[in-house]
file structure_8.json (JSON, C-alpha atoms and all ligand atoms)
[["chain", "number", "residue", "atom", "x", "y", "z"],
["A", 1, "MET", "CA", 66.76, -194.96, 58.82],
["A", 2, "GLY", "CA", 67.90, -191.49, 59.81],
["A", 3, "PHE", "CA", 65.87, -188.75, 61.38],
["A", 4, "THR", "CA", 64.59, -186.39, 58.69],
["A", 5, "GLU", "CA", 64.24, -182.62, 58.56],
["A", 6, "LYS", "CA", 60.50, -183.16, 58.34],
["A", 7, "GLN", "CA", 60.48, -185.20, 61.54],
["A", 8, "GLU", "CA", 62.55, -182.58, 63.34],
["A", 9, "ALA", "CA", 60.15, -179.86, 62.14],
["A", 10, "LEU", "CA", 57.12, -181.86, 63.33],
["A", 11, "VAL", "CA", 58.57, -182.19, 66.82],
["A", 12, "LYS", "CA", 59.59, -178.52, 66.99],
["A", 13, "GLU", "CA", 56.27, -177.14, 65.74],
["A", 14, "SER", "CA", 54.18, -179.31, 68.04],
["A", 15, "TRP", "CA", 56.34, -178.37, 71.04],
["A", 16, "GLU", "CA", 55.61, -174.71, 70.19],
["A", 17, "VAL", "CA", 51.89, -175.51, 70.57],
["A", 18, "VAL", "CA", 52.27, -177.54, 73.78],
["A", 19, "LYS", "CA", 54.46, -174.77, 75.24],
["A", 20, "GLN", "CA", 51.56, -172.31, 75.05],
["A", 21, "ASN", "CA", 49.97, -173.93, 78.07],
["A", 22, "ILE", "CA", 52.60, -175.30, 80.39],
["A", 23, "PRO", "CA", 50.49, -175.39, 83.59],
["A", 24, "GLU", "CA", 47.86, -177.51, 81.89],
["A", 25, "PHE", "CA", 50.05, -179.87, 79.88],
["A", 26, "SER", "CA", 52.54, -180.52, 82.69],
["A", 27, "LEU", "CA", 49.69, -181.54, 84.98],
["A", 28, "ARG", "CA", 48.16, -183.64, 82.22],
["A", 29, "PHE", "CA", 51.49, -185.34, 81.47],
["A", 30, "PHE", "CA", 52.03, -186.27, 85.11],
["A", 31, "THR", "CA", 48.39, -187.35, 85.59],
["A", 32, "LEU", "CA", 48.64, -189.65, 82.56],
["A", 33, "ILE", "CA", 51.80, -191.28, 83.97],
["A", 34, "ILE", "CA", 50.06, -192.23, 87.19],
["A", 35, "GLU", "CA", 46.88, -193.20, 85.36],
["A", 36, "ILE", "CA", 48.82, -195.66, 83.19],
["A", 37, "ALA", "CA", 50.94, -196.93, 86.08],
["A", 38, "PRO", "CA", 49.28, -196.10, 89.44],
["A", 39, "ALA", "CA", 52.13, -197.72, 91.38],
["A", 40, "ALA", "CA", 54.59, -195.24, 89.86],
["A", 41, "LYS", "CA", 53.08, -192.43, 91.89],
["A", 42, "ASN", "CA", 55.04, -193.58, 94.92],
["A", 43, "LEU", "CA", 58.27, -192.75, 93.13],
["A", 44, "PHE", "CA", 57.52, -189.05, 92.93],
["A", 45, "SER", "CA", 57.88, -186.57, 95.79],
["A", 46, "PHE", "CA", 55.06, -184.37, 94.41],
["A", 47, "LEU", "CA", 52.42, -186.62, 95.92],
["A", 48, "LYS", "CA", 53.91, -186.98, 99.37],
["A", 49, "ASP", "CA", 51.18, -186.84, 102.01],
["A", 50, "SER", "CA", 48.43, -186.39, 99.45],
["A", 51, "ASN", "CA", 46.36, -188.48, 97.09],
["A", 52, "GLU", "CA", 45.66, -185.69, 94.68],
["A", 53, "VAL", "CA", 48.00, -184.41, 91.99],
["A", 54, "PRO", "CA", 49.05, -180.90, 93.09],
["A", 55, "LYS", "CA", 47.70, -178.36, 90.60],
["A", 56, "ASN", "CA", 50.49, -175.86, 90.96],
["A", 57, "ASN", "CA", 53.69, -177.60, 91.98],
["A", 58, "PRO", "CA", 56.69, -175.69, 90.57],
["A", 59, "LYS", "CA", 58.94, -178.75, 90.69],
["A", 60, "LEU", "CA", 56.44, -180.92, 88.83],
["A", 61, "LYS", "CA", 56.08, -178.21, 86.19],
["A", 62, "ALA", "CA", 59.84, -177.68, 85.81],
["A", 63, "HIS", "CA", 60.61, -181.39, 85.51],
["A", 64, "ALA", "CA", 57.79, -182.02, 83.05],
["A", 65, "VAL", "CA", 59.00, -179.13, 80.87],
["A", 66, "LYS", "CA", 62.52, -180.52, 81.01],
["A", 67, "VAL", "CA", 61.39, -183.92, 79.74],
["A", 68, "PHE", "CA", 59.71, -182.21, 76.77],
["A", 69, "LYS", "CA", 62.64, -179.90, 76.05],
["A", 70, "MET", "CA", 65.15, -182.74, 76.23],
["A", 71, "THR", "CA", 63.06, -184.84, 73.83],
["A", 72, "CYS", "CA", 62.86, -181.86, 71.48],
["A", 73, "GLU", "CA", 66.63, -181.38, 71.71],
["A", 74, "SER", "CA", 67.05, -185.08, 71.05],
["A", 75, "ALA", "CA", 65.09, -184.69, 67.79],
["A", 76, "ILE", "CA", 67.39, -181.84, 66.70],
["A", 77, "GLN", "CA", 70.51, -183.91, 67.48],
["A", 78, "LEU", "CA", 69.16, -186.96, 65.70],
["A", 79, "ARG", "CA", 68.67, -184.94, 62.55],
["A", 80, "GLU", "CA", 71.98, -183.06, 62.83],
["A", 81, "LYS", "CA", 74.28, -185.84, 64.01],
["A", 82, "GLY", "CA", 72.29, -189.03, 63.61],
["A", 83, "GLU", "CA", 72.53, -189.72, 67.34],
["A", 84, "VAL", "CA", 71.49, -188.24, 70.66],
["A", 85, "VAL", "CA", 74.23, -186.56, 72.63],
["A", 86, "VAL", "CA", 73.45, -185.50, 76.18],
["A", 87, "SER", "CA", 76.09, -183.60, 78.13],
["A", 88, "ASP", "CA", 78.02, -185.83, 80.49],
["A", 89, "THR", "CA", 77.02, -183.95, 83.62],
["A", 90, "THR", "CA", 73.33, -183.93, 82.71],
["A", 91, "LEU", "CA", 73.38, -187.64, 81.92],
["A", 92, "LYS", "CA", 75.24, -188.51, 85.14],
["A", 93, "HIS", "CA", 72.79, -186.43, 87.16],
["A", 94, "LEU", "CA", 69.71, -187.95, 85.53],
["A", 95, "GLY", "CA", 71.15, -191.44, 85.78],
["A", 96, "SER", "CA", 71.70, -191.13, 89.50],
["A", 97, "VAL", "CA", 68.37, -189.36, 90.25],
["A", 98, "HIS", "CA", 66.39, -192.06, 88.46],
["A", 99, "VAL", "CA", 68.29, -194.95, 90.04],
["A", 100, "GLN", "CA", 67.87, -193.40, 93.48],
["A", 101, "LYS", "CA", 64.14, -192.91, 92.98],
["A", 102, "GLY", "CA", 63.73, -196.56, 92.02],
["A", 103, "VAL", "CA", 62.92, -196.09, 88.34],
["A", 104, "ILE", "CA", 63.24, -199.28, 86.26],
["A", 105, "ASP", "CA", 63.34, -199.88, 82.49],
["A", 106, "PRO", "CA", 59.61, -200.69, 81.98],
["A", 107, "HIS", "CA", 58.72, -197.28, 83.45],
["A", 108, "PHE", "CA", 60.19, -195.66, 80.35],
["A", 109, "GLU", "CA", 57.38, -197.06, 78.20],
["A", 110, "VAL", "CA", 54.86, -195.55, 80.61],
["A", 111, "VAL", "CA", 56.40, -192.08, 80.37],
["A", 112, "LYS", "CA", 56.59, -192.46, 76.58],
["A", 113, "GLU", "CA", 52.91, -193.27, 76.32],
["A", 114, "ALA", "CA", 52.01, -190.33, 78.58],
["A", 115, "LEU", "CA", 54.25, -187.96, 76.60],
["A", 116, "LEU", "CA", 52.77, -188.99, 73.23],
["A", 117, "ARG", "CA", 49.22, -188.73, 74.55],
["A", 118, "THR", "CA", 49.90, -185.28, 76.00],
["A", 119, "VAL", "CA", 51.18, -184.08, 72.62],
["A", 120, "LYS", "CA", 48.20, -185.63, 70.85],
["A", 121, "GLU", "CA", 45.69, -183.93, 73.14],
["A", 122, "ALA", "CA", 47.45, -180.57, 72.92],
["A", 123, "ILE", "CA", 47.73, -180.63, 69.12],
["A", 124, "GLY", "CA", 44.14, -181.65, 68.41],
["A", 125, "GLU", "CA", 43.25, -181.79, 64.73],
["A", 126, "LYS", "CA", 46.76, -181.13, 63.51],
["A", 127, "TRP", "CA", 48.05, -184.28, 65.19],
["A", 128, "ASN", "CA", 49.13, -187.13, 62.91],
["A", 129, "GLU", "CA", 50.93, -190.47, 62.97],
["A", 130, "GLU", "CA", 54.10, -189.02, 61.52],
["A", 131, "MET", "CA", 54.28, -186.55, 64.39],
["A", 132, "ASN", "CA", 53.74, -189.38, 66.84],
["A", 133, "GLY", "CA", 56.51, -191.42, 65.24],
["A", 134, "ALA", "CA", 58.94, -188.50, 65.36],
["A", 135, "TRP", "CA", 58.31, -187.82, 69.08],
["A", 136, "GLY", "CA", 58.47, -191.55, 69.78],
["A", 137, "GLU", "CA", 61.82, -192.00, 68.09],
["A", 138, "ALA", "CA", 63.36, -188.91, 69.71],
["A", 139, "TYR", "CA", 62.12, -190.08, 73.11],
["A", 140, "ASP", "CA", 63.35, -193.67, 72.61],
["A", 141, "GLN", "CA", 66.87, -192.55, 71.80],
["A", 142, "LEU", "CA", 66.98, -190.19, 74.78],
["A", 143, "ALA", "CA", 65.57, -192.90, 77.04],
["A", 144, "ALA", "CA", 68.24, -195.33, 75.79],
["A", 145, "ALA", "CA", 70.98, -192.90, 76.83],
["A", 146, "ILE", "CA", 69.47, -192.47, 80.32],
["A", 147, "LYS", "CA", 68.88, -196.20, 80.74],
["A", 148, "ALA", "CA", 72.50, -196.95, 79.77],
["A", 149, "GLU", "CA", 73.72, -194.40, 82.33],
["A", 150, "MET", "CA", 71.44, -195.94, 84.98],
["A", 151, "LYS", "CA", 73.11, -199.30, 84.38],
["A", 152, "GLU", "CA", 76.52, -197.68, 84.91],
["A", 153, "GLU", "CA", 75.25, -196.47, 88.27],
["A", 154, "LEU", "CA", 74.36, -199.93, 89.52],
["A", 201, "LIG", "C1", 63.18, -186.60, 87.97],
["A", 201, "LIG", "C2", 63.80, -186.24, 83.18],
["A", 201, "LIG", "C3", 62.14, -190.74, 82.64],
["A", 201, "LIG", "C4", 60.66, -190.67, 87.24],
["A", 201, "LIG", "C5", 63.52, -186.14, 86.72],
["A", 201, "LIG", "C6", 64.15, -184.86, 86.47],
["A", 201, "LIG", "C7", 64.30, -184.76, 85.13],
["A", 201, "LIG", "C8", 63.78, -185.96, 84.53],
["A", 201, "LIG", "C9", 64.91, -183.59, 84.38],
["A", 201, "LIG", "C10", 64.57, -183.85, 87.54],
["A", 201, "LIG", "C11", 65.93, -184.22, 88.06],
["A", 201, "LIG", "C12", 66.36, -183.32, 89.20],
["A", 201, "LIG", "O1", 65.84, -183.48, 90.31],
["A", 201, "LIG", "O2", 67.23, -182.48, 88.98],
["A", 201, "LIG", "C13", 63.45, -187.46, 82.63],
["A", 201, "LIG", "C14", 63.62, -187.80, 81.22],
["A", 201, "LIG", "C15", 63.16, -189.09, 81.08],
["A", 201, "LIG", "C16", 62.70, -189.52, 82.38],
["A", 201, "LIG", "C17", 64.21, -186.88, 80.17],
["A", 201, "LIG", "C18", 63.06, -189.97, 79.86],
["A", 201, "LIG", "C19", 63.56, -189.70, 78.67],
["A", 201, "LIG", "C20", 61.56, -191.10, 83.83],
["A", 201, "LIG", "C21", 60.84, -192.33, 84.07],
["A", 201, "LIG", "C22", 60.39, -192.29, 85.35],
["A", 201, "LIG", "C23", 60.86, -191.05, 85.94],
["A", 201, "LIG", "C24", 60.65, -193.43, 83.05],
["A", 201, "LIG", "C25", 59.55, -193.33, 86.06],
["A", 201, "LIG", "C26", 58.23, -193.25, 86.08],
["A", 201, "LIG", "C27", 61.27, -189.60, 87.85],
["A", 201, "LIG", "C28", 61.21, -189.35, 89.28],
["A", 201, "LIG", "C29", 61.94, -188.16, 89.49],
["A", 201, "LIG", "C30", 62.44, -187.74, 88.19],
["A", 201, "LIG", "C31", 60.50, -190.19, 90.31],
["A", 201, "LIG", "C32", 62.14, -187.44, 90.82],
["A", 201, "LIG", "C33", 61.00, -186.44, 90.96],
["A", 201, "LIG", "C34", 60.92, -185.89, 92.36],
["A", 201, "LIG", "O3", 60.28, -186.52, 93.19],
["A", 201, "LIG", "O4", 61.50, -184.82, 92.61],
["A", 201, "LIG", "N1", 63.30, -186.78, 85.54],
["A", 201, "LIG", "N2", 62.88, -188.50, 83.29],
["A", 201, "LIG", "N3", 61.55, -190.35, 84.99],
["A", 201, "LIG", "N4", 62.01, -188.62, 87.23],
["A", 201, "LIG", "FE1", 62.41, -188.56, 85.27],
["A", 202, "LIG", "C1", 60.15, -186.69, 85.72],
["A", 202, "LIG", "N1", 60.58, -187.64, 84.94],
["A", 202, "LIG", "C2", 59.82, -188.07, 83.97],
["A", 202, "LIG", "C3", 58.58, -187.56, 83.73],
["A", 202, "LIG", "C4", 58.09, -186.56, 84.54],
["A", 202, "LIG", "C5", 56.81, -185.99, 84.36],
["A", 202, "LIG", "C6", 56.35, -185.01, 85.19],
["A", 202, "LIG", "C7", 57.15, -184.55, 86.21],
["A", 202, "LIG", "C8", 58.41, -185.09, 86.39],
["A", 202, "LIG", "C9", 58.90, -186.11, 85.56]]
call {"tool": "encode", "arguments": {"input": "structure_8.json", "output": "structure tokens", "more": "lines below"}}
Ligand code: HEM
Ligand code: ISQ
result
Amino acid sequence: MGFTEKQEALVKESWEVVKQNIPEFSLRFFTLIIEIAPAAKNLFSFLKDSNEVPKNNPKLKAHAVKVFKMTCESAIQLREKGEVVVSDTTLKHLGSVHVQKGVIDPHFEVVKEALLRTVKEAIGEKWNEEMNGAWGEAYDQLAAAIKAEMKEEL
């Protein structure tokens, strides 16, 4: 089944809401990742020499925003082209960063769960299952592209 205009709109409009509070949601997103998979915190440089999640780390914020924006872009591409296309340089870069940091396939489910929960919390009453499904599908297709590139790296 293809990605519909409705699904694309749901992703876009919820991102507009999440975007209103980047400092809060980026922190929440990262906190959820390490809540779901505490061992994953050792992969990230943001927590070096500290046990607490830094409240105002520009790198954490920038990377978290990028994950959201790329998932949003993935939704647009899925609707327009029926597949996710990530530029070759971006994909190569992300493939190598994630391999180097020690990321493995099961981690992608953790980040997915954290992403969906962050959207759900940010959206509040307007959240619905269809919105969840749309974000989930856009994320899965993007994750598949990154995972495939990571395998090329090995
Ligand atoms: C870094 C995106 C999945 C862990 C990054 C960066 C981006 C990104 C944009 C910054 C790269 C740079 O330094 O230039 C994504 C996207 C994902 C994804 C779009 C899925 C669709 C994951 C997963 C994990 C993970 C599943 C494992 C929990 C990391 C780590 C870094 C990183 C450890 C390095 C952060 C640091 O210490 O500087 N990711 N990522 N990512 N990502 Fe991901
Ligand atoms: C990097 N990759 C995946 C998810 C992330 C969340 C917060 C900060 C950086 C990230």
call {"tool": "residues_near_ligand", "arguments": {"input": "structure_8.json", "ligand": "ligand LIG 201 (chain A)", "cutoff": "8 Å", "atoms": "all atoms listed in the file", "output": "MDAnalysis selection string"}}
result
chainID A and resid 33 40:46 59:60 62:64 66:68 70:71 93:94 97:98 101:112 139:140 142:144 146
call {"tool": "atom_distance", "arguments": {"input": "structure_8.json", "atom1": "atom CA of Phe25 of chain A", "atom2": "atom CA of Ala122 of chain A"}}
result
7.5 Å
call {"tool": "residues_around", "arguments": {"input": "structure_8.json", "residues": "Ala75 of chain A", "least_positions_apart": "4", "cutoff": "7 Å", "atoms": "all atoms listed in the file", "output": "list of chain:residue names"}}
result
A:Glu8, A:Thr71, A:Arg79, A:Ala138
call {"tool": "axis_aligned_box", "arguments": {"input": "structure_8.json", "around": "ligand LIG 202 (chain A)", "padding_each_side": "6 Å", "output": "lines of an AutoDock Vina configuration file"}}
result
center_x = 58.5
center_y = -186.3
center_z = 85.1
size_x = 16.2
size_y = 15.5
size_z = 14.7
call {"tool": "closest_residue", "arguments": {"input": "structure_8.json", "among": "A:Gln77, A:Thr89, A:Ser26, A:Thr31", "to": "Lys61 of chain A", "atoms": "only C-alpha atoms"}}
result
A:Ser26
call {"tool": "atom_distance", "arguments": {"input": "structure_8.json", "atom1": "atom CA of Gly136 of chain A", "atom2": "atom CA of Cys72 of chain A"}}
result
10.8 Å
call {"tool": "atom_distance", "arguments": {"input": "structure_8.json", "atom1": "atom CA of Val11 of chain A", "atom2": "atom CA of Gly82 of chain A"}}
result
15.7 Å
call {"tool": "build_atoms", "arguments": {"input": "structure_8.json", "residues": "segment 80-107 of chain A", "atoms": "N, CA and C atoms", "output": "short mmCIF file (atom, residue, chain, number, x, y, z; two decimals), keeping the file's coordinate frame"}}
result
data_model
loop_
_atom_site.label_atom_id
_atom_site.label_comp_id
_atom_site.auth_asym_id
_atom_site.auth_seq_id
_atom_site.Cartn_x
_atom_site.Cartn_y
_atom_site.Cartn_z
N GLU A 80 70.67 -183.65 63.12
CA GLU A 80 71.98 -183.06 62.83
C GLU A 80 73.12 -184.07 62.83
N LYS A 81 73.12 -184.95 63.82
CA LYS A 81 74.28 -185.84 64.01
C LYS A 81 73.96 -187.31 63.83
N GLY A 82 72.67 -187.63 63.75
CA GLY A 82 72.29 -189.03 63.61
C GLY A 82 72.30 -189.79 64.93
N GLU A 83 72.58 -189.08 66.02
CA GLU A 83 72.53 -189.72 67.34
C GLU A 83 72.25 -188.66 68.41
N VAL A 84 71.79 -189.16 69.57
CA VAL A 84 71.49 -188.24 70.66
C VAL A 84 72.73 -188.08 71.54
N VAL A 85 73.12 -186.83 71.74
CA VAL A 85 74.23 -186.56 72.63
C VAL A 85 73.71 -185.73 73.79
N VAL A 86 73.85 -186.24 74.99
CA VAL A 86 73.45 -185.50 76.18
C VAL A 86 74.73 -185.17 76.93
N SER A 87 74.85 -183.96 77.44
CA SER A 87 76.09 -183.60 78.13
C SER A 87 76.34 -184.58 79.27
N ASP A 88 77.62 -184.84 79.50
CA ASP A 88 78.02 -185.83 80.49
C ASP A 88 77.47 -185.55 81.88
N THR A 89 77.50 -184.29 82.27
CA THR A 89 77.02 -183.95 83.62
C THR A 89 75.51 -184.16 83.74
N THR A 90 74.78 -183.75 82.70
CA THR A 90 73.33 -183.93 82.71
C THR A 90 72.98 -185.42 82.79
N LEU A 91 73.66 -186.20 81.98
CA LEU A 91 73.38 -187.64 81.92
C LEU A 91 73.71 -188.31 83.26
N LYS A 92 74.84 -187.93 83.84
CA LYS A 92 75.24 -188.51 85.14
C LYS A 92 74.21 -188.16 86.21
N HIS A 93 73.79 -186.88 86.19
CA HIS A 93 72.79 -186.43 87.16
C HIS A 93 71.48 -187.19 86.99
N LEU A 94 70.98 -187.25 85.77
CA LEU A 94 69.71 -187.95 85.53
C LEU A 94 69.81 -189.44 85.82
N GLY A 95 70.95 -190.03 85.48
CA GLY A 95 71.15 -191.44 85.78
C GLY A 95 71.03 -191.69 87.27
N SER A 96 71.71 -190.88 88.06
CA SER A 96 71.70 -191.13 89.50
C SER A 96 70.35 -190.79 90.13
N VAL A 97 69.70 -189.70 89.69
CA VAL A 97 68.37 -189.36 90.25
C VAL A 97 67.39 -190.51 90.00
N HIS A 98 67.38 -191.03 88.78
CA HIS A 98 66.39 -192.06 88.46
C HIS A 98 66.68 -193.39 89.15
N VAL A 99 67.96 -193.73 89.30
CA VAL A 99 68.29 -194.95 90.04
C VAL A 99 67.86 -194.79 91.50
N GLN A 100 68.20 -193.65 92.07
CA GLN A 100 67.87 -193.40 93.48
C GLN A 100 66.37 -193.43 93.75
N LYS A 101 65.59 -192.95 92.79
CA LYS A 101 64.14 -192.91 92.98
C LYS A 101 63.49 -194.28 92.75
N GLY A 102 64.27 -195.22 92.23
CA GLY A 102 63.73 -196.56 92.02
C GLY A 102 63.10 -196.79 90.66
N VAL A 103 63.46 -195.93 89.70
CA VAL A 103 62.92 -196.09 88.34
C VAL A 103 63.56 -197.32 87.69
N ILE A 104 62.74 -198.11 86.98
CA ILE A 104 63.24 -199.28 86.26
C ILE A 104 62.86 -199.19 84.78
N ASP A 105 63.53 -199.97 83.95
CA ASP A 105 63.34 -199.88 82.49
C ASP A 105 61.88 -199.83 82.02
N PRO A 106 60.99 -200.72 82.49
CA PRO A 106 59.61 -200.69 81.98
C PRO A 106 58.88 -199.35 82.21
N HIS A 107 59.32 -198.59 83.20
CA HIS A 107 58.72 -197.28 83.45
C HIS A 107 58.87 -196.34 82.25
#
